[in-house]
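Novice: I have a structure I would like to understand better, so I am pasting it below and will then ask my questions one at a time.
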Amino acid sequence: MLSNHKWMFKAEGKKWNIKIKLYSLILISFFATTLPAQQFSDSVRISLITGSAGKDLYAQFGHSAIRVQDYKYGHDYVFNYGTFDFETPNFYLKFIRGKLDYVLSIGLTERMIPYYEYENRRLIDQELLLSKQEKQKLIDFLMFNYLPENRAYRYDFFYDNCATRIRDIFENELHLTYKKKNSDSLTFRQMLDLYIKKTPWIDFGMDLILGIPTDQKGGMREQMFLPEYLANNLSQYALKNGQPLLAAPVEITHITPNLPVSSSFLTPMVVMIAFFLGIVALTLLGSPSIKFQFDRIFFALLGLIGFLFLFMWFGTDHWTVNQNLNMLWANPLFVPFVFLMNQKAIANNLLYLLASMCLLVLVGWNFLPQQFHVAIIPIVLGILVRCADRLFR
């Protein structure tokens with residue numbers, strides 16, 4: 001749900017040139033529109049803006065923002081909590097470690113709409129059915145929150161992002177009540193899967209990096225970290241006078257329907273099965289020296305991946321990557337094993353331990369507290385084949 005809030009580009013020029021400019025805007029992603037000095041008038045209209053999912057990773061989960069229109073003065077602004085300052089000192093390090101602050105920015109709707117149309121993404125506008133007093137209270141809060149000392153916050157993908165900020169503002173400032181309960185009971189991982197199932201490699205990568213916390217179930221309120229869930233679930237809220245919070249959705253972009261896209265044959269499962277078959281062939285036909293060199297590379301790679309999972313757990317503030325049970329098979333202990341391969345007694349004891357943890361993944365597939373991606377099964381089987389070959393040849 002990262003957001004490009006500059007929404008400025010020129011349509012002329014070659015397509016790849018435009019694409020490069022757009023990617024640059026996504027990365028630079030820091031701009032502010034100067035607000036008029038005068039107060040907003042009584043003719044203000046406030047609405048929830050929901051952007052549909054895009055093709056690129058940063059846009060896969062959609063976007064949420066608050067739109068404020070003042071018909072008397074001709075203003076049309078978007079308050080956007082999904083922006084960051086690319087010029088932040090140590091930007092990449094802070095991003096990796098989960099210590100990057102995001103900010104509330106204000107942009108022009110007239111720049112946002114053509115950007116979404118270019119990306120062929122829908123923008124849905126839902127008016128907030130508020131009284132004049134409620135509108136003024138909401139605007140006062142947004143303007144106070146936009147002050148330089150207030151606009152920054154520590155981003156969290158699940159609990160503090162462009163959508164949850166809006167949810168919290170509406171709850172706190174408008175004193176909402178539930179009209180009815182949502183019966184859905186999905187985990188955070190399952191909700192993510194709804195958006196990335198058509199991009200199997202992204203799905204695979206996210207399942208590798210996300211740990212046990214992602215397999216917690218989210219209720220109606222927790223689901224609203226996703227912009228579409230925010231819009232849908234806010235429709236179940238009512239104001240203190242009993243009236244619904246949101247009006248019917250209105251699409252404000254003009255896009256062409258997406259044509260069905262055939263997915264690539266080379267999915268993670270296909271590639272990993274091929275890799276497993278290669279390991280079986282190597283085990284049956286390879287010479288001892290070739291198998292030894294393969295094991296050194298293979299096990300070292302597994303160990304390094306395990307150290308990456310370990311770093312993400314203890315070296316970052318990304319709580320969703322904690323307690324990653326993928327370390328049962330991509331185990332950091334494979335690294336010392338590689339250096340001990342010539343010391344057979346010690347190496348074999350370590351290998352028994354590592355093989356046992358791999359077996360635990362398969363045996364505990366349905367009852368371990370973390371959901372694994374099915375494509376790791378061929379990897380785990382490949383590890384077990386190599387472990388068995390080294391232990392029992």
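We label chains A, B, ... in the order they appear in the structure tokens, count residues from 1 in each chain, and number ligands from 1 in the order shown.
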Can you list, as an mmCIF file with C-alpha atoms, in the first residue's frame, every protein, DNA or RNA residue that comes within 12 Å of Pro213 (chain A) when you count only C-alpha atoms, leaving out same-chain residues fewer than 3 positions away?

Specialist:
```cif
data_model
loop_
_atom_site.group_PDB
_atom_site.id
_atom_site.type_symbol
_atom_site.label_atom_id
_atom_site.label_comp_id
_atom_site.auth_asym_id
_atom_site.auth_seq_id
_atom_site.Cartn_x
_atom_site.Cartn_y
_atom_site.Cartn_z
ATOM 1 C CA PHE A 158 -0.860 -4.534 9.341
ATOM 2 C CA THR A 187 -5.752 -14.965 9.062
ATOM 3 C CA PHE A 188 -3.613 -12.042 7.908
ATOM 4 C CA ARG A 189 -1.742 -14.421 5.587
ATOM 5 C CA ASP A 207 5.144 -16.884 2.618
ATOM 6 C CA ILE A 209 9.554 -14.228 4.916
ATOM 7 C CA LEU A 210 6.405 -13.940 7.081
ATOM 8 C CA GLN A 216 -3.287 -14.809 13.598
ATOM 9 C CA LYS A 217 -6.941 -14.350 12.705
ATOM 10 C CA GLY A 218 -8.155 -10.820 12.161
ATOM 11 C CA TRP A 313 13.369 -11.685 13.443
ATOM 12 C CA HIS A 318 8.922 -5.996 11.435
ATOM 13 C CA TRP A 319 6.934 -8.075 13.936
ATOM 14 C CA THR A 320 5.320 -10.079 11.122
ATOM 15 C CA VAL A 321 8.623 -11.809 10.331
ATOM 16 C CA ASN A 322 9.175 -13.001 13.898
ATOM 17 C CA GLN A 323 9.145 -16.693 14.821
ATOM 18 C CA ASN A 324 9.548 -17.816 11.221
ATOM 19 C CA LEU A 325 9.251 -21.611 11.200
ATOM 20 C CA PRO A 369 1.190 -22.650 14.076
ATOM 21 C CA GLN A 370 2.506 -21.332 10.766
ATOM 22 C CA GLN A 371 1.127 -21.925 7.294
#
```

Novice: Any chance you could tabulate, as CSV, the residues of region 117-158 of chain A at most 10 Å from region 55-72 of chain A with each one's nearest atom pair and distance in Å to one decimal, using only C-alpha atoms, in chain and rising number order?

Specialist:
```
residue,atom,partner,partner_atom,distance
A:Glu119,CA,A:Lys55,CA,8.3
A:Asn120,CA,A:Lys55,CA,9.5
A:Arg121,CA,A:Gly62,CA,9.0
A:Arg122,CA,A:Gly62,CA,9.5
A:Leu123,CA,A:His63,CA,9.2
A:Ile124,CA,A:Ser64,CA,9.6
A:Asp125,CA,A:Arg67,CA,8.3
A:Gln126,CA,A:Arg67,CA,9.4
A:Glu127,CA,A:Arg67,CA,8.9
A:Leu128,CA,A:Ile66,CA,9.8
A:Lys135,CA,A:Val68,CA,9.6
A:Ile139,CA,A:Val68,CA,8.3
A:Leu142,CA,A:Ile66,CA,9.5
```

Novice: Which polymer residues have any atom within 10 Å of an atom of Glu171 (chain A), counting only C-alpha atoms, with same-chain residues fewer than 5 positions away left out, as a list in words?

Specialist: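 Near Glu171 (chain A), the qualifying residues are Arg165, Ile166, Leu176, Thr177, Leu234, Tyr237 and Leu239 of chain A.
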
Novice: Please report the interatomic distance between CA of Tyr352 (chain A) and CA of Val335 (chain A) in Å with one decimal.

Specialist: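 Separating CA of Tyr352 (chain A) from CA of Val335 (chain A) is a distance of 14.9 Å.
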
Novice: Can you list, as a PyMOL selection string, every residue of region 140-384 of chain A that DSSP puts in helix (DSSP H, G or I)?

Specialist: chain A and resi 140-145+162-174+188-196+200-209+212-215+222-225+227-234+268-285+288-314+319-321+325-328+334-339+344-363+376-384

Novice: Determine, counting only C-alpha atoms, which protein, DNA and RNA residues have an atom within 12 Å of an atom of Pro336 (chain A); residues of the same chain fewer than 5 positions away are not included. Present the result as a list in words.

Specialist: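 Using only C-alpha atoms, the neighbours found are Arg296, Phe299, Ala300, Leu301, Leu302, Gly303, Leu304, Phe307, Asn331, Met341, Asn342, Gln343, Ile346, Ala347, Leu350, Leu351 and Leu354 of chain A.
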
Novice: Mind checking DSSP for region 82-300 of chain A and telling me the strand (DSSP E) residues as a list of chain:residue names?

Specialist: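 Taking region 82-300 of chain A and keeping strand (DSSP E) gives A:Gly82, A:Thr83, A:Phe84, A:Asp101, A:Tyr102, A:Val103, A:Leu104, A:Ser105, A:Ile106, A:Gly107, A:Leu108, A:Leu123, A:Ile124, A:Asp125, A:Gln126, A:Glu127, A:Ala152, A:Tyr153, A:Arg154, A:Thr177, A:Tyr178, A:Leu186, A:Thr187, A:Lys217, A:Gly218, A:Tyr237, A:Ala238, A:Val250, A:Glu251.
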
Novice: In terms of the shortest atom-to-atom distance over only C-alpha atoms, which of A:Asp101, A:Glu117, A:Asp85, A:Leu359 is closest to Glu251 (chain A)?

Specialist: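 For Glu251 (chain A), the nearest of the candidates is A:Glu117.
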
Novice: Give me the residues near region 283-292 of chain A as a list in words, where near means some atom within 10 Å (using only C-alpha atoms) and where sequence neighbours in that chain fewer than 5 positions away do not count.

Specialist: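 My reading of the contact set: Leu277, Gly278, Ile297, Phe298, Met341, Gly382, Val385, Arg386, Ala388, Asp389 and Arg390 of chain A.
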
Novice: Write to file, as a compact mmCIF listing (two decimals), in the first residue's frame, the residues of the selection just made, with N, CA and C atoms.

Specialist:
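Dumped to again-v8.txt:
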```
# COMPACT_ATOMS: atom_id res chain seq x y z
N LEU A 277 13.68 -33.19 -8.57
CA LEU A 277 14.02 -34.28 -9.49
C LEU A 277 15.49 -34.24 -9.87
N GLY A 278 16.03 -33.03 -9.97
CA GLY A 278 17.46 -32.90 -10.24
C GLY A 278 18.29 -33.45 -9.09
N ILE A 297 27.46 -26.27 -1.50
CA ILE A 297 26.77 -25.07 -2.00
C ILE A 297 25.32 -25.04 -1.52
N PHE A 298 24.64 -26.18 -1.65
CA PHE A 298 23.22 -26.27 -1.30
C PHE A 298 22.99 -26.00 0.18
N MET A 341 31.88 -30.75 7.45
CA MET A 341 31.54 -31.89 6.61
C MET A 341 32.62 -32.98 6.59
N GLY A 382 14.01 -32.65 -1.00
CA GLY A 382 15.37 -32.64 -1.55
C GLY A 382 16.43 -32.62 -0.47
N VAL A 385 16.61 -36.09 1.01
CA VAL A 385 17.32 -37.02 0.13
C VAL A 385 18.82 -36.87 0.27
N ARG A 386 19.29 -35.64 0.29
CA ARG A 386 20.74 -35.41 0.42
C ARG A 386 21.23 -35.80 1.82
N ALA A 388 19.92 -38.15 3.74
CA ALA A 388 19.92 -39.61 3.79
C ALA A 388 21.11 -40.19 3.03
N ASP A 389 21.40 -39.59 1.89
CA ASP A 389 22.53 -40.09 1.09
C ASP A 389 23.85 -39.94 1.84
N ARG A 390 23.98 -38.81 2.53
CA ARG A 390 25.23 -38.60 3.29
C ARG A 390 25.29 -39.48 4.54
```

Novice: Using only C-alpha atoms, pick whichever of A:Pro227, A:Gly364, A:Gly242, A:Pro114 has the shortest atom-to-atom distance to Gly51 (chain A).

Specialist: A:Pro227

Novice: Considering only C-alpha atoms, state which residue in the set A:Lys94, A:His254, A:Arg111, A:Lys132 is at the smallest distance from Arg45 (chain A).

Specialist: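 Checking each candidate against Arg45 (chain A), we get A:Lys132 as the closest.
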
Novice: Suppose you want the space between CA of Gln236 (chain A) and CA of Leu130 (chain A); what is it in Å?

Specialist: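 One can read the CA of Gln236 (chain A) to CA of Leu130 (chain A) distance as 15.5 Å.
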